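Structure first, commentary second.
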Amino acid sequence: MTFALVLVDEPRIERVHCCEQMTWQVNLPSFQEGASDKRLYWSPVFNEYGLICQPSAELFVISHCPFCGTGLAASHRQAWFAALELTGWRTSGDPIPQELLSYEWQQV
């Protein structure tokens, strides 16, 4: 079992996912924006899917779609933290570089 935290300044990106139900659920506005039906989260920065543990910012990371059973892409969370460390970032008080808060950070 893996729990993870959501990044505060992560962008919201709508896109097509593995099936119609997953696309609808993941693309709902966040629960902070008033969408009480949202139960799944997709992190564009980490390319990671998870069940939302409301009301916290925690996720239970999932590896398969709960609707169609498709295997989901591997998380990029560890690679992201390695890239963050290379920027000189050291503590939670340091700002995260904007280029790492995008879906395209891996091409940088």
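Ligands are numbered from 1 in the order shown, chains are lettered A, B, ... in the order of the structure tokens, and residues start at 1 in each chain.
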
TODO: Give me the residues within 12 Å of Cys65 of chain A as a PyMOL selection string, counting only C-alpha atoms and dropping any in the same chain fewer than 5 places off.
DONE: chain A and resi 17-23+25-26+40-42+48-51+70-73

Task: Non-local contacts of Val6 of chain A (8 Å; only C-alpha atoms; under 6 positions in same chain excluded) as an MDAnalysis selection string - done: chainID A and resid 43 57:59

Emit the selected residues as an mmCIF file, in the first residue's frame, including N, CA and C atoms.
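Here's the written file part.cif:
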data_model
loop_
_atom_site.group_PDB
_atom_site.id
_atom_site.type_symbol
_atom_site.label_atom_id
_atom_site.label_comp_id
_atom_site.auth_asym_id
_atom_site.auth_seq_id
_atom_site.Cartn_x
_atom_site.Cartn_y
_atom_site.Cartn_z
ATOM 1 N N SER A 43 -2.192 12.929 -11.179
ATOM 2 C CA SER A 43 -1.171 13.956 -11.029
ATOM 3 C C SER A 43 -0.424 14.109 -12.349
ATOM 4 N N ALA A 57 -4.919 15.889 1.808
ATOM 5 C CA ALA A 57 -4.279 15.972 0.494
ATOM 6 C C ALA A 57 -3.553 14.668 0.181
ATOM 7 N N GLU A 58 -3.978 13.575 0.824
ATOM 8 C CA GLU A 58 -3.344 12.281 0.597
ATOM 9 C C GLU A 58 -4.079 11.484 -0.483
ATOM 10 N N LEU A 59 -3.305 10.639 -1.157
ATOM 11 C CA LEU A 59 -3.833 9.714 -2.160
ATOM 12 C C LEU A 59 -3.408 8.305 -1.807
#

Open item on the list: Can you tell me, as a VMD selection string, which residues in chain A count as helix (DSSP H, G or I) by DSSP?
Closed with: chain A and resid 20 to 26 31 to 33 77 to 86 98 to 100 105 to 107

Task: Shell of 9 Å around Trp80 of chain A, only C-alpha atoms, local chain residues under 5 positions omitted, as a PyMOL selection string - done: chain A and resi 45-46+85+100+105-106

Would you export the selected residues with C-alpha atoms as a short mmCIF file (atom, residue, chain, number, x, y, z; two decimals), in the first residue's frame, please?
data_model
loop_
_atom_site.label_atom_id
_atom_site.label_comp_id
_atom_site.auth_asym_id
_atom_site.auth_seq_id
_atom_site.Cartn_x
_atom_site.Cartn_y
_atom_site.Cartn_z
CA VAL A 45 3.53 16.15 -12.62
CA PHE A 46 4.03 12.59 -11.33
CA GLU A 85 17.26 17.69 -5.69
CA LEU A 100 9.07 21.08 -12.39
CA TRP A 105 9.12 18.51 -16.83
CA GLN A 106 10.65 15.25 -18.08
#

TODO: Would you please give, as number ranges by chain, all residues of segment 10-105 of chain A that DSSP assigns to strand (DSSP E or B) based on the backbone?
DONE: A: 40-43, 48-53, 58-62, 64, 71

Selected residues written out, N, CA and C atoms, as an mmCIF file, in the first residue's frame:
data_model
loop_
_atom_site.group_PDB
_atom_site.id
_atom_site.type_symbol
_atom_site.label_atom_id
_atom_site.label_comp_id
_atom_site.auth_asym_id
_atom_site.auth_seq_id
_atom_site.Cartn_x
_atom_site.Cartn_y
_atom_site.Cartn_z
ATOM 1 N N LEU A 40 -11.142 10.046 -7.683
ATOM 2 C CA LEU A 40 -9.855 9.676 -8.283
ATOM 3 C C LEU A 40 -9.095 10.920 -8.689
ATOM 4 N N TYR A 41 -7.798 10.847 -8.550
ATOM 5 C CA TYR A 41 -6.940 11.979 -8.888
ATOM 6 C C TYR A 41 -5.840 11.498 -9.822
ATOM 7 N N TRP A 42 -5.532 12.310 -10.813
ATOM 8 C CA TRP A 42 -4.391 12.062 -11.679
ATOM 9 C C TRP A 42 -3.437 13.225 -11.518
ATOM 10 N N SER A 43 -2.192 12.929 -11.179
ATOM 11 C CA SER A 43 -1.171 13.956 -11.029
ATOM 12 C C SER A 43 -0.424 14.109 -12.349
ATOM 13 N N GLU A 48 0.662 10.011 -11.996
ATOM 14 C CA GLU A 48 0.310 9.049 -10.954
ATOM 15 C C GLU A 48 -1.186 9.155 -10.670
ATOM 16 N N TYR A 49 -1.835 8.014 -10.499
ATOM 17 C CA TYR A 49 -3.263 7.961 -10.211
ATOM 18 C C TYR A 49 -3.475 7.529 -8.770
ATOM 19 N N GLY A 50 -4.525 8.045 -8.151
ATOM 20 C CA GLY A 50 -4.798 7.630 -6.790
ATOM 21 C C GLY A 50 -6.227 7.884 -6.365
ATOM 22 N N LEU A 51 -6.634 7.154 -5.336
ATOM 23 C CA LEU A 51 -7.925 7.365 -4.683
ATOM 24 C C LEU A 51 -7.744 8.497 -3.685
ATOM 25 N N ILE A 52 -8.623 9.468 -3.721
ATOM 26 C CA ILE A 52 -8.529 10.626 -2.845
ATOM 27 C C ILE A 52 -8.970 10.250 -1.439
ATOM 28 N N CYS A 53 -8.147 10.569 -0.467
ATOM 29 C CA CYS A 53 -8.452 10.337 0.953
ATOM 30 C C CYS A 53 -8.939 11.646 1.538
ATOM 31 N N GLU A 58 -3.978 13.575 0.824
ATOM 32 C CA GLU A 58 -3.344 12.281 0.597
ATOM 33 C C GLU A 58 -4.079 11.484 -0.483
ATOM 34 N N LEU A 59 -3.305 10.639 -1.157
ATOM 35 C CA LEU A 59 -3.833 9.714 -2.160
ATOM 36 C C LEU A 59 -3.408 8.305 -1.807
ATOM 37 N N PHE A 60 -4.266 7.348 -2.117
ATOM 38 C CA PHE A 60 -3.879 5.948 -2.096
ATOM 39 C C PHE A 60 -3.540 5.622 -3.546
ATOM 40 N N VAL A 61 -2.266 5.457 -3.840
ATOM 41 C CA VAL A 61 -1.806 5.275 -5.219
ATOM 42 C C VAL A 61 -2.315 3.944 -5.773
ATOM 43 N N ILE A 62 -2.845 3.981 -7.015
ATOM 44 C CA ILE A 62 -3.362 2.775 -7.663
ATOM 45 C C ILE A 62 -2.559 2.478 -8.919
ATOM 46 N N HIS A 64 -3.920 0.140 -11.349
ATOM 47 C CA HIS A 64 -4.863 -0.307 -12.372
ATOM 48 C C HIS A 64 -6.133 0.523 -12.302
ATOM 49 N N GLY A 71 -3.822 -1.548 -16.814
ATOM 50 C CA GLY A 71 -2.655 -1.155 -16.034
ATOM 51 C C GLY A 71 -2.313 0.297 -16.325
#

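What separates atom CA of Pro29 of chain A from atom CA of Glu14 of chain A is a distance of 9.7 Å.
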
Open item on the list: Which residues are close to segment 86-96 of chain A, i.e. within 12 Å by only C-alpha atoms, leaving aside same-chain residues fewer than 5 positions away? Reply as a VMD selection string.
Closed with: chain A and resid 7 to 10 79 to 81 101 to 102

Those residues with C-alpha atoms, as a PDB file, in the first residue's frame please?
ATOM      1  CA  LEU A   7       1.431  18.969  -4.772  1.00  0.00           C
ATOM      2  CA  VAL A   8      -0.199  22.258  -3.778  1.00  0.00           C
ATOM      3  CA  ASP A   9       0.622  24.181  -6.978  1.00  0.00           C
ATOM      4  CA  GLU A  10       0.148  21.308  -9.411  1.00  0.00           C
ATOM      5  CA  ALA A  79      12.474  10.700 -10.797  1.00  0.00           C
ATOM      6  CA  TRP A  80      10.778  14.038 -10.043  1.00  0.00           C
ATOM      7  CA  PHE A  81      12.302  14.227  -6.555  1.00  0.00           C
ATOM      8  CA  LEU A 101       5.413  21.966 -11.883  1.00  0.00           C
ATOM      9  CA  SER A 102       4.386  20.992 -15.391  1.00  0.00           C
TER      10      SER A 102
END

Open item on the list: Between atom CA of Pro66 of chain A and atom CA of Ile13 of chain A, what distance in Å does the model show, to one decimal?
Closed with: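 So the answer is 20.5 Å.
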